[in-house]
Amino acid sequence: MTQAKISRFPVAELAELPEDVRARILGVQEKAGFVPNVFLMLAHRPAEFRAFFDYHDALMEKDVGLTKAEREMIVVATSGANNCLYCVVAHGAVLRIRAKNPYVADQLATNYRKADITARQRAMLDFAMKLSLSGGAVEDADMAVLREHGFDDEAIWDIGAITAFFSMSNRLVHLTGTPPNEQFFLMGRVPKG
């Protein structure tokens, strides 16, 4: 293992990783054109890497109850509140692409209340922010507001689970000091042409 600038902890060489972990990283590299630093940061603990990305995909790669863009909105807004530059930048890039909107991620990361989003999305983010910043204060009334905006119990669970998962992810990035890849900064800002 070698020490890399992407983590305060050891970062494994790709050749040293279990085949399934290496294959997943190489698959992401093929699709994105680069390896996101968080993959390399987490890979030195293969069991946790697998669990992290399995749960990530279970939450983020479905399009039921919440759109994929709305899922990313939760990540960007709560990560901004948690001061997680990596998640704001990386998931901001994904959000810009999924929402087909080059402005929304920056708006959500700085002040979601002034962002150009729907009332439904604002209610979703109000709940996510309350859970993220003062979870003990969440009450049945908060869920009633979400239901008034058309969210069912499955969608409410997803809002909460995404918020909780990325609060953990934010803290892991804080622990490791992992910076966002440079490639994320420009993704989704200028249409491909």
# chains A, B, ... in the order shown; residues from 1 in each chain; ligands from 1
call {"tool": "select_by_dssp", "arguments": {"residues": "region 29-154 of chain A", "states": "helix (DSSP H, G or I)", "output": "number ranges by chain"}}
result
A: 29-32, 37-43, 46-60, 68-81, 85-99, 104-114, 119-137, 140-148, 153-154
call {"tool": "closest_atom_pairs", "arguments": {"of": "region 114-147 of chain A", "to": "region 158-177 of chain A", "cutoff": "10 Å", "atoms": "only C-alpha atoms", "output": "JSON lines"}}
result
{"residue": "A:Met124", "atom": "CA", "partner": "A:Ile159", "partner_atom": "CA", "distance": 7.2}
{"residue": "A:Leu125", "atom": "CA", "partner": "A:Ile159", "partner_atom": "CA", "distance": 8.5}
{"residue": "A:Phe127", "atom": "CA", "partner": "A:Ile159", "partner_atom": "CA", "distance": 8.0}
{"residue": "A:Ala128", "atom": "CA", "partner": "A:Thr163", "partner_atom": "CA", "distance": 5.9}
{"residue": "A:Met129", "atom": "CA", "partner": "A:Thr163", "partner_atom": "CA", "distance": 8.0}
{"residue": "A:Lys130", "atom": "CA", "partner": "A:Thr163", "partner_atom": "CA", "distance": 9.8}
{"residue": "A:Leu131", "atom": "CA", "partner": "A:Gly160", "partner_atom": "CA", "distance": 7.1}
{"residue": "A:Ser132", "atom": "CA", "partner": "A:Thr163", "partner_atom": "CA", "distance": 6.3}
{"residue": "A:Leu133", "atom": "CA", "partner": "A:Ser167", "partner_atom": "CA", "distance": 9.5}
{"residue": "A:Gly135", "atom": "CA", "partner": "A:Ala164", "partner_atom": "CA", "distance": 9.6}
call {"tool": "residues_around", "arguments": {"residues": "Ala155 (chain A)", "least_positions_apart": "5", "cutoff": "8 Å", "atoms": "only C-alpha atoms", "output": "list in words"}}
result
Val64, Gly65 and Leu66 of chain A
call {"tool": "write_last_selection", "arguments": {"atoms": "C-alpha atoms", "output": "compact mmCIF listing (two decimals), in the first residue's frame"}}
result
# COMPACT_ATOMS: atom_id res chain seq x y z
CA VAL A 64 -39.43 5.39 -7.83
CA GLY A 65 -41.00 7.95 -5.49
CA LEU A 66 -38.14 10.37 -6.08
call {"tool": "residues_around", "arguments": {"residues": "Phe185 (chain A)", "least_positions_apart": "5", "cutoff": "8 Å", "atoms": "only C-alpha atoms", "output": "list in words"}}
result
Val89, Ala90 and Ala93 of chain A
call {"tool": "closest_residue", "arguments": {"among": "A:Lys68, A:Thr78, A:Ile117, A:Arg45", "to": "Arg98 (chain A)", "atoms": "only C-alpha atoms"}}
result
A:Lys68
call {"tool": "residues_around", "arguments": {"residues": "Pro180 (chain A)", "least_positions_apart": "3", "cutoff": "12 Å", "atoms": "only C-alpha atoms", "output": "MDAnalysis selection string"}}
result
chainID A and resid 5:7 34:41 84:93 173:174 177 183:186
call {"tool": "write_last_selection", "arguments": {"atoms": "N, CA and C atoms", "output": "PDB file, in the first residue's frame"}}
result
ATOM      1  N   LYS A   5      -2.329  11.329  -1.865  1.00  0.00           N
ATOM      2  CA  LYS A   5      -2.865  12.605  -1.402  1.00  0.00           C
ATOM      3  C   LYS A   5      -4.380  12.594  -1.261  1.00  0.00           C
ATOM      4  N   ILE A   6      -5.025  11.506  -1.624  1.00  0.00           N
ATOM      5  CA  ILE A   6      -6.492  11.483  -1.564  1.00  0.00           C
ATOM      6  C   ILE A   6      -7.009  10.986  -0.228  1.00  0.00           C
ATOM      7  N   SER A   7      -6.131  10.602   0.698  1.00  0.00           N
ATOM      8  CA  SER A   7      -6.588  10.118   1.996  1.00  0.00           C
ATOM      9  C   SER A   7      -5.483  10.235   3.026  1.00  0.00           C
ATOM     10  N   PHE A  34     -12.474   8.581 -15.476  1.00  0.00           N
ATOM     11  CA  PHE A  34     -11.554   8.746 -14.348  1.00  0.00           C
ATOM     12  C   PHE A  34     -12.095   7.954 -13.169  1.00  0.00           C
ATOM     13  N   VAL A  35     -11.250   7.773 -12.152  1.00  0.00           N
ATOM     14  CA  VAL A  35     -11.677   7.073 -10.942  1.00  0.00           C
ATOM     15  C   VAL A  35     -11.963   8.110  -9.864  1.00  0.00           C
ATOM     16  N   PRO A  36     -13.218   8.215  -9.409  1.00  0.00           N
ATOM     17  CA  PRO A  36     -13.503   9.135  -8.317  1.00  0.00           C
ATOM     18  C   PRO A  36     -12.677   8.788  -7.083  1.00  0.00           C
ATOM     19  N   ASN A  37     -12.112   9.811  -6.464  1.00  0.00           N
ATOM     20  CA  ASN A  37     -11.222   9.597  -5.320  1.00  0.00           C
ATOM     21  C   ASN A  37     -11.857   8.797  -4.195  1.00  0.00           C
ATOM     22  N   VAL A  38     -13.167   8.937  -3.999  1.00  0.00           N
ATOM     23  CA  VAL A  38     -13.816   8.225  -2.901  1.00  0.00           C
ATOM     24  C   VAL A  38     -13.722   6.712  -3.088  1.00  0.00           C
ATOM     25  N   PHE A  39     -13.710   6.239  -4.326  1.00  0.00           N
ATOM     26  CA  PHE A  39     -13.563   4.803  -4.574  1.00  0.00           C
ATOM     27  C   PHE A  39     -12.206   4.318  -4.074  1.00  0.00           C
ATOM     28  N   LEU A  40     -11.167   5.055  -4.397  1.00  0.00           N
ATOM     29  CA  LEU A  40      -9.825   4.658  -3.962  1.00  0.00           C
ATOM     30  C   LEU A  40      -9.666   4.819  -2.455  1.00  0.00           C
ATOM     31  N   MET A  41     -10.267   5.853  -1.890  1.00  0.00           N
ATOM     32  CA  MET A  41     -10.189   6.082  -0.450  1.00  0.00           C
ATOM     33  C   MET A  41     -10.815   4.925   0.316  1.00  0.00           C
ATOM     34  N   CYS A  84     -19.179  19.429   3.314  1.00  0.00           N
ATOM     35  CA  CYS A  84     -18.446  18.355   2.643  1.00  0.00           C
ATOM     36  C   CYS A  84     -18.209  18.740   1.189  1.00  0.00           C
ATOM     37  N   LEU A  85     -17.047  19.288   0.934  1.00  0.00           N
ATOM     38  CA  LEU A  85     -16.718  19.745  -0.413  1.00  0.00           C
ATOM     39  C   LEU A  85     -16.759  18.597  -1.409  1.00  0.00           C
ATOM     40  N   TYR A  86     -16.207  17.439  -1.042  1.00  0.00           N
ATOM     41  CA  TYR A  86     -16.192  16.317  -1.990  1.00  0.00           C
ATOM     42  C   TYR A  86     -17.602  15.999  -2.472  1.00  0.00           C
ATOM     43  N   CYS A  87     -18.529  15.807  -1.549  1.00  0.00           N
ATOM     44  CA  CYS A  87     -19.882  15.394  -1.936  1.00  0.00           C
ATOM     45  C   CYS A  87     -20.631  16.502  -2.669  1.00  0.00           C
ATOM     46  N   VAL A  88     -20.415  17.748  -2.282  1.00  0.00           N
ATOM     47  CA  VAL A  88     -21.052  18.851  -3.000  1.00  0.00           C
ATOM     48  C   VAL A  88     -20.564  18.888  -4.441  1.00  0.00           C
ATOM     49  N   VAL A  89     -19.266  18.766  -4.638  1.00  0.00           N
ATOM     50  CA  VAL A  89     -18.701  18.865  -5.983  1.00  0.00           C
ATOM     51  C   VAL A  89     -19.039  17.632  -6.819  1.00  0.00           C
ATOM     52  N   ALA A  90     -18.818  16.433  -6.266  1.00  0.00           N
ATOM     53  CA  ALA A  90     -19.054  15.209  -7.030  1.00  0.00           C
ATOM     54  C   ALA A  90     -20.540  15.010  -7.329  1.00  0.00           C
ATOM     55  N   HIS A  91     -21.374  15.131  -6.304  1.00  0.00           N
ATOM     56  CA  HIS A  91     -22.801  14.924  -6.524  1.00  0.00           C
ATOM     57  C   HIS A  91     -23.449  16.133  -7.190  1.00  0.00           C
ATOM     58  N   GLY A  92     -22.842  17.295  -7.044  1.00  0.00           N
ATOM     59  CA  GLY A  92     -23.298  18.456  -7.805  1.00  0.00           C
ATOM     60  C   GLY A  92     -23.142  18.216  -9.296  1.00  0.00           C
ATOM     61  N   ALA A  93     -22.041  17.582  -9.690  1.00  0.00           N
ATOM     62  CA  ALA A  93     -21.826  17.248 -11.099  1.00  0.00           C
ATOM     63  C   ALA A  93     -22.895  16.278 -11.590  1.00  0.00           C
ATOM     64  N   VAL A 173     -15.417  11.458   4.546  1.00  0.00           N
ATOM     65  CA  VAL A 173     -14.582  12.361   3.754  1.00  0.00           C
ATOM     66  C   VAL A 173     -13.858  13.349   4.666  1.00  0.00           C
ATOM     67  N   HIS A 174     -14.524  13.831   5.702  1.00  0.00           N
ATOM     68  CA  HIS A 174     -13.850  14.710   6.664  1.00  0.00           C
ATOM     69  C   HIS A 174     -12.709  13.965   7.349  1.00  0.00           C
ATOM     70  N   GLY A 177      -9.927  13.365   4.629  1.00  0.00           N
ATOM     71  CA  GLY A 177      -9.406  14.531   3.915  1.00  0.00           C
ATOM     72  C   GLY A 177      -9.425  14.354   2.402  1.00  0.00           C
ATOM     73  N   GLN A 183     -12.034  16.694 -12.353  1.00  0.00           N
ATOM     74  CA  GLN A 183     -12.980  16.472 -13.445  1.00  0.00           C
ATOM     75  C   GLN A 183     -14.421  16.810 -13.052  1.00  0.00           C
ATOM     76  N   PHE A 184     -14.763  16.655 -11.786  1.00  0.00           N
ATOM     77  CA  PHE A 184     -16.132  16.920 -11.355  1.00  0.00           C
ATOM     78  C   PHE A 184     -16.535  18.389 -11.488  1.00  0.00           C
ATOM     79  N   PHE A 185     -15.590  19.300 -11.365  1.00  0.00           N
ATOM     80  CA  PHE A 185     -15.923  20.725 -11.314  1.00  0.00           C
ATOM     81  C   PHE A 185     -16.623  21.231 -12.572  1.00  0.00           C
ATOM     82  N   LEU A 186     -16.268  20.691 -13.723  1.00  0.00           N
ATOM     83  CA  LEU A 186     -16.850  21.191 -14.968  1.00  0.00           C
ATOM     84  C   LEU A 186     -17.981  20.330 -15.500  1.00  0.00           C
TER      85      LEU A 186
END
call {"tool": "residues_around", "arguments": {"residues": "region 103-105 of chain A", "least_positions_apart": "6", "cutoff": "12 Å", "atoms": "only C-alpha atoms", "output": "PyMOL selection string"}}
result
chain A and resi 69-70+72-80+87-97+111-118+121+185-190
call {"tool": "closest_residue", "arguments": {"among": "A:Ala99, A:Arg120, A:Asn83, A:Asp126", "to": "Arg147 (chain A)", "atoms": "only C-alpha atoms"}}
result
A:Arg120
